[in-house]
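First the structure, in the form of structure tokens, and then the observations on it.
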Amino acid sequence: FDYAKKNKIVIFSTPFDETAVDLLQHLKTPAYKVASFELTDIPLLKYISKTKKPTLISTGMSTLTEIDTAVRAFRSTGNNLLILLHCTSCYPTLPSEVNLNRIKALSDIFSLPVGFSDHTSGTTAAVGATLLGSRWLEKHFTLDKSLPGPDHWFAANPKELSEWVNTINTSHLMLGNAEIKPTENEEKMK
């Protein structure tokens, strides 16, 4: 946290119990992330919500009823600073299981911004999520895929992450605007 703040990097973390929330509060975290596994931990969601900080909740492995219960519990403290993250909790996620249409569905159902926690290989899913209105993108990142631990083997390395970010930025740029008129270059052509 000290290094991140010194280098103007926004940093926050995923607490798995109330003592971790207390530690993160002490570290002055600006936000929280709730992992898919904790979506059904209603006491933890309420404890986090009471901090009044923005929170991202991953929805992997969850039913619509479980997500609804989590959202209601979080909002019950008066905190509406919530983003849902659509994800599929399989690593890496197969293209047939990504289900990007859930981004809009979740946004429509809960009237919340929805992001995408990308567990796929490559950049295609992130581009699709961007085009479907994802408001937040998340990717597992590692410096070395051979490091021990549960995430390193499928996480993006620095080169892959750079390509992922550049592709997302390009796709976002390509969305442009909805105004129907010639572009500046089309005007010259005309």
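By order of appearance in the structure tokens: chains A, B, ..., then residues from 1 within every chain, and ligands from 1 in the order shown.
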**Q.** Expected answer as an MDAnalysis selection string: alpha helix (DSSP H) residues in range 97-142 of chain A
**A.** chainID A and resid 102:110 124:131
Store the residues picked out above in a file with N, CA, C and O atoms, as a PDB file, in the first residue's frame.
ATOM      1  N   ARG A 102     -24.620 -11.590 -20.330  1.00  0.00           N
ATOM      2  CA  ARG A 102     -25.004 -11.387 -18.929  1.00  0.00           C
ATOM      3  C   ARG A 102     -24.643  -9.989 -18.430  1.00  0.00           C
ATOM      4  O   ARG A 102     -25.213  -9.511 -17.449  1.00  0.00           O
ATOM      5  N   ILE A 103     -23.704  -9.325 -19.088  1.00  0.00           N
ATOM      6  CA  ILE A 103     -23.320  -7.964 -18.675  1.00  0.00           C
ATOM      7  C   ILE A 103     -24.528  -7.048 -18.759  1.00  0.00           C
ATOM      8  O   ILE A 103     -24.884  -6.375 -17.789  1.00  0.00           O
ATOM      9  N   LYS A 104     -25.166  -7.000 -19.900  1.00  0.00           N
ATOM     10  CA  LYS A 104     -26.355  -6.149 -20.061  1.00  0.00           C
ATOM     11  C   LYS A 104     -27.507  -6.648 -19.194  1.00  0.00           C
ATOM     12  O   LYS A 104     -28.227  -5.851 -18.600  1.00  0.00           O
ATOM     13  N   ALA A 105     -27.672  -7.966 -19.124  1.00  0.00           N
ATOM     14  CA  ALA A 105     -28.766  -8.513 -18.307  1.00  0.00           C
ATOM     15  C   ALA A 105     -28.623  -8.084 -16.849  1.00  0.00           C
ATOM     16  O   ALA A 105     -29.588  -7.620 -16.233  1.00  0.00           O
ATOM     17  N   LEU A 106     -27.441  -8.219 -16.284  1.00  0.00           N
ATOM     18  CA  LEU A 106     -27.220  -7.824 -14.886  1.00  0.00           C
ATOM     19  C   LEU A 106     -27.449  -6.322 -14.702  1.00  0.00           C
ATOM     20  O   LEU A 106     -28.041  -5.893 -13.708  1.00  0.00           O
ATOM     21  N   SER A 107     -26.976  -5.532 -15.649  1.00  0.00           N
ATOM     22  CA  SER A 107     -27.166  -4.084 -15.566  1.00  0.00           C
ATOM     23  C   SER A 107     -28.651  -3.729 -15.596  1.00  0.00           C
ATOM     24  O   SER A 107     -29.123  -2.896 -14.813  1.00  0.00           O
ATOM     25  N   ASP A 108     -29.399  -4.367 -16.489  1.00  0.00           N
ATOM     26  CA  ASP A 108     -30.843  -4.095 -16.594  1.00  0.00           C
ATOM     27  C   ASP A 108     -31.589  -4.547 -15.342  1.00  0.00           C
ATOM     28  O   ASP A 108     -32.454  -3.831 -14.837  1.00  0.00           O
ATOM     29  N   ILE A 109     -31.262  -5.713 -14.836  1.00  0.00           N
ATOM     30  CA  ILE A 109     -31.982  -6.268 -13.687  1.00  0.00           C
ATOM     31  C   ILE A 109     -31.733  -5.447 -12.420  1.00  0.00           C
ATOM     32  O   ILE A 109     -32.663  -5.164 -11.666  1.00  0.00           O
ATOM     33  N   PHE A 110     -30.477  -5.060 -12.189  1.00  0.00           N
ATOM     34  CA  PHE A 110     -30.139  -4.419 -10.915  1.00  0.00           C
ATOM     35  C   PHE A 110     -29.923  -2.910 -11.009  1.00  0.00           C
ATOM     36  O   PHE A 110     -29.653  -2.264 -10.000  1.00  0.00           O
ATOM     37  N   THR A 124     -10.175 -11.309 -26.949  1.00  0.00           N
ATOM     38  CA  THR A 124     -11.496 -11.264 -27.589  1.00  0.00           C
ATOM     39  C   THR A 124     -12.623 -10.991 -26.597  1.00  0.00           C
ATOM     40  O   THR A 124     -13.498 -10.154 -26.848  1.00  0.00           O
ATOM     41  N   ALA A 125     -12.636 -11.679 -25.468  1.00  0.00           N
ATOM     42  CA  ALA A 125     -13.726 -11.507 -24.497  1.00  0.00           C
ATOM     43  C   ALA A 125     -13.741 -10.088 -23.936  1.00  0.00           C
ATOM     44  O   ALA A 125     -14.814  -9.504 -23.759  1.00  0.00           O
ATOM     45  N   ALA A 126     -12.576  -9.531 -23.673  1.00  0.00           N
ATOM     46  CA  ALA A 126     -12.512  -8.168 -23.134  1.00  0.00           C
ATOM     47  C   ALA A 126     -13.038  -7.154 -24.146  1.00  0.00           C
ATOM     48  O   ALA A 126     -13.720  -6.189 -23.776  1.00  0.00           O
ATOM     49  N   VAL A 127     -12.739  -7.363 -25.426  1.00  0.00           N
ATOM     50  CA  VAL A 127     -13.271  -6.484 -26.467  1.00  0.00           C
ATOM     51  C   VAL A 127     -14.795  -6.596 -26.493  1.00  0.00           C
ATOM     52  O   VAL A 127     -15.504  -5.588 -26.510  1.00  0.00           O
ATOM     53  N   GLY A 128     -15.308  -7.820 -26.476  1.00  0.00           N
ATOM     54  CA  GLY A 128     -16.752  -8.008 -26.465  1.00  0.00           C
ATOM     55  C   GLY A 128     -17.401  -7.356 -25.261  1.00  0.00           C
ATOM     56  O   GLY A 128     -18.450  -6.707 -25.376  1.00  0.00           O
ATOM     57  N   ALA A 129     -16.790  -7.510 -24.102  1.00  0.00           N
ATOM     58  CA  ALA A 129     -17.328  -6.900 -22.882  1.00  0.00           C
ATOM     59  C   ALA A 129     -17.351  -5.380 -23.005  1.00  0.00           C
ATOM     60  O   ALA A 129     -18.323  -4.729 -22.603  1.00  0.00           O
ATOM     61  N   THR A 130     -16.304  -4.822 -23.575  1.00  0.00           N
ATOM     62  CA  THR A 130     -16.240  -3.375 -23.778  1.00  0.00           C
ATOM     63  C   THR A 130     -17.370  -2.919 -24.687  1.00  0.00           C
ATOM     64  O   THR A 130     -18.070  -1.945 -24.393  1.00  0.00           O
ATOM     65  N   LEU A 131     -17.567  -3.643 -25.781  1.00  0.00           N
ATOM     66  CA  LEU A 131     -18.605  -3.265 -26.739  1.00  0.00           C
ATOM     67  C   LEU A 131     -20.007  -3.434 -26.165  1.00  0.00           C
ATOM     68  O   LEU A 131     -20.943  -2.762 -26.602  1.00  0.00           O
TER      69      LEU A 131
END
Q. Lys145 in chain A: which residues within 9 Å, counting only C-alpha atoms, same-chain residues fewer than 3 positions away excluded, as number ranges by chain?
A. A: 142, 148, 151-157
Within 10 Å of Ile48 in chain A using only C-alpha atoms, minus same-chain residues under 5 positions, as a CSV table (one decimal) with N, CA, C and O atoms, in the first residue's frame:
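Final output, saved to out25.csv:
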chain,number,residue,atom,x,y,z
A,15,PRO,N,-11.0,-8.6,0.8
A,15,PRO,CA,-11.1,-9.2,2.2
A,15,PRO,C,-11.9,-10.5,2.2
A,15,PRO,O,-12.9,-10.6,1.5
A,17,ASP,N,-12.7,-11.8,5.4
A,17,ASP,CA,-13.4,-11.8,6.7
A,17,ASP,C,-13.3,-10.4,7.2
A,17,ASP,O,-12.7,-9.5,6.7
A,18,GLU,N,-14.0,-10.2,8.4
A,18,GLU,CA,-14.1,-8.9,8.9
A,18,GLU,C,-12.8,-8.3,9.4
A,18,GLU,O,-12.5,-7.1,9.3
A,21,VAL,N,-11.2,-6.7,6.5
A,21,VAL,CA,-11.8,-5.4,6.2
A,21,VAL,C,-11.3,-4.3,7.2
A,21,VAL,O,-10.9,-3.2,6.7
A,22,ASP,N,-11.1,-4.7,8.5
A,22,ASP,CA,-10.6,-3.7,9.4
A,22,ASP,C,-9.1,-3.3,9.0
A,22,ASP,O,-8.8,-2.1,9.1
A,25,GLN,N,-9.3,-1.0,6.1
A,25,GLN,CA,-9.7,0.3,6.6
A,25,GLN,C,-8.6,1.1,7.2
A,25,GLN,O,-8.4,2.3,6.9
A,31,ALA,N,-11.5,1.3,-1.9
A,31,ALA,CA,-12.5,0.5,-2.4
A,31,ALA,C,-12.3,-1.0,-2.0
A,31,ALA,O,-11.2,-1.3,-1.4
A,32,TYR,N,-13.3,-1.8,-2.3
A,32,TYR,CA,-13.2,-3.2,-1.9
A,32,TYR,C,-13.6,-4.1,-3.1
A,32,TYR,O,-14.4,-3.6,-4.0
A,33,LYS,N,-13.1,-5.3,-3.2
A,33,LYS,CA,-13.5,-6.3,-4.1
A,33,LYS,C,-14.0,-7.5,-3.3
A,33,LYS,O,-13.3,-7.9,-2.4
A,34,VAL,N,-15.1,-8.0,-3.7
A,34,VAL,CA,-15.6,-9.2,-3.1
A,34,VAL,C,-15.5,-10.3,-4.1
A,34,VAL,O,-16.1,-10.2,-5.3
A,42,ILE,N,-23.3,-13.0,3.5
A,42,ILE,CA,-24.1,-11.8,3.8
A,42,ILE,C,-23.5,-10.9,4.9
A,42,ILE,O,-23.5,-9.7,4.8
A,43,PRO,N,-23.1,-11.5,6.1
A,43,PRO,CA,-22.6,-10.7,7.1
A,43,PRO,C,-21.3,-9.9,6.6
A,43,PRO,O,-21.1,-8.7,6.9
A,53,LYS,N,-17.6,2.6,1.2
A,53,LYS,CA,-16.6,2.6,0.1
A,53,LYS,C,-17.2,1.9,-1.1
A,53,LYS,O,-18.0,1.0,-1.0
A,54,PRO,N,-16.8,2.3,-2.3
A,54,PRO,CA,-17.2,1.6,-3.5
A,54,PRO,C,-16.7,0.2,-3.5
A,54,PRO,O,-15.6,-0.1,-3.0
A,55,THR,N,-17.6,-0.7,-4.0
A,55,THR,CA,-17.3,-2.2,-3.9
A,55,THR,C,-17.6,-2.9,-5.2
A,55,THR,O,-18.7,-2.6,-5.8
A,74,PHE,N,-26.2,-5.7,0.5
A,74,PHE,CA,-25.2,-4.6,0.4
A,74,PHE,C,-25.9,-3.2,0.5
A,74,PHE,O,-25.5,-2.3,1.2
A,77,THR,N,-27.5,-1.2,3.9
A,77,THR,CA,-26.8,-0.2,4.8
A,77,THR,C,-26.8,1.2,4.3
A,77,THR,O,-26.3,2.1,4.9
A,79,ASN,N,-25.5,2.0,1.3
A,79,ASN,CA,-24.4,2.2,0.4
A,79,ASN,C,-24.8,1.6,-1.0
A,79,ASN,O,-25.2,0.5,-1.1
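Atom pair CA of Ser58 in chain A / CA of Asn177 in chain A has a distance of 29.5 Å (rounded to one decimal).
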Q: Return the single residue from A:Ser36, A:Asn101, A:Gly78, A:Val10 that is closest to Lys50 in chain A, with distances computed using only C-alpha atoms.
A: A:Gly78
Q: Can you check which residues of chain A DSSP gives as strand (DSSP E) on the backbone and send them as a PyMOL selection string?
A: chain A and resi 32-34+55-58+82-86+114-118+137-139
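When CA of Gly115 in chain A is paired with CA of Ile83 in chain A, their separation reads 6.9 Å.
Nearest to Leu94 in chain A of all the residues A:Glu186, A:His140, A:Leu82, A:Thr120 is A:Thr120, counting only C-alpha atoms.
Pairwise distance (CA of Ile11 in chain A, CA of Gly133 in chain A) equals 23.8 Å.
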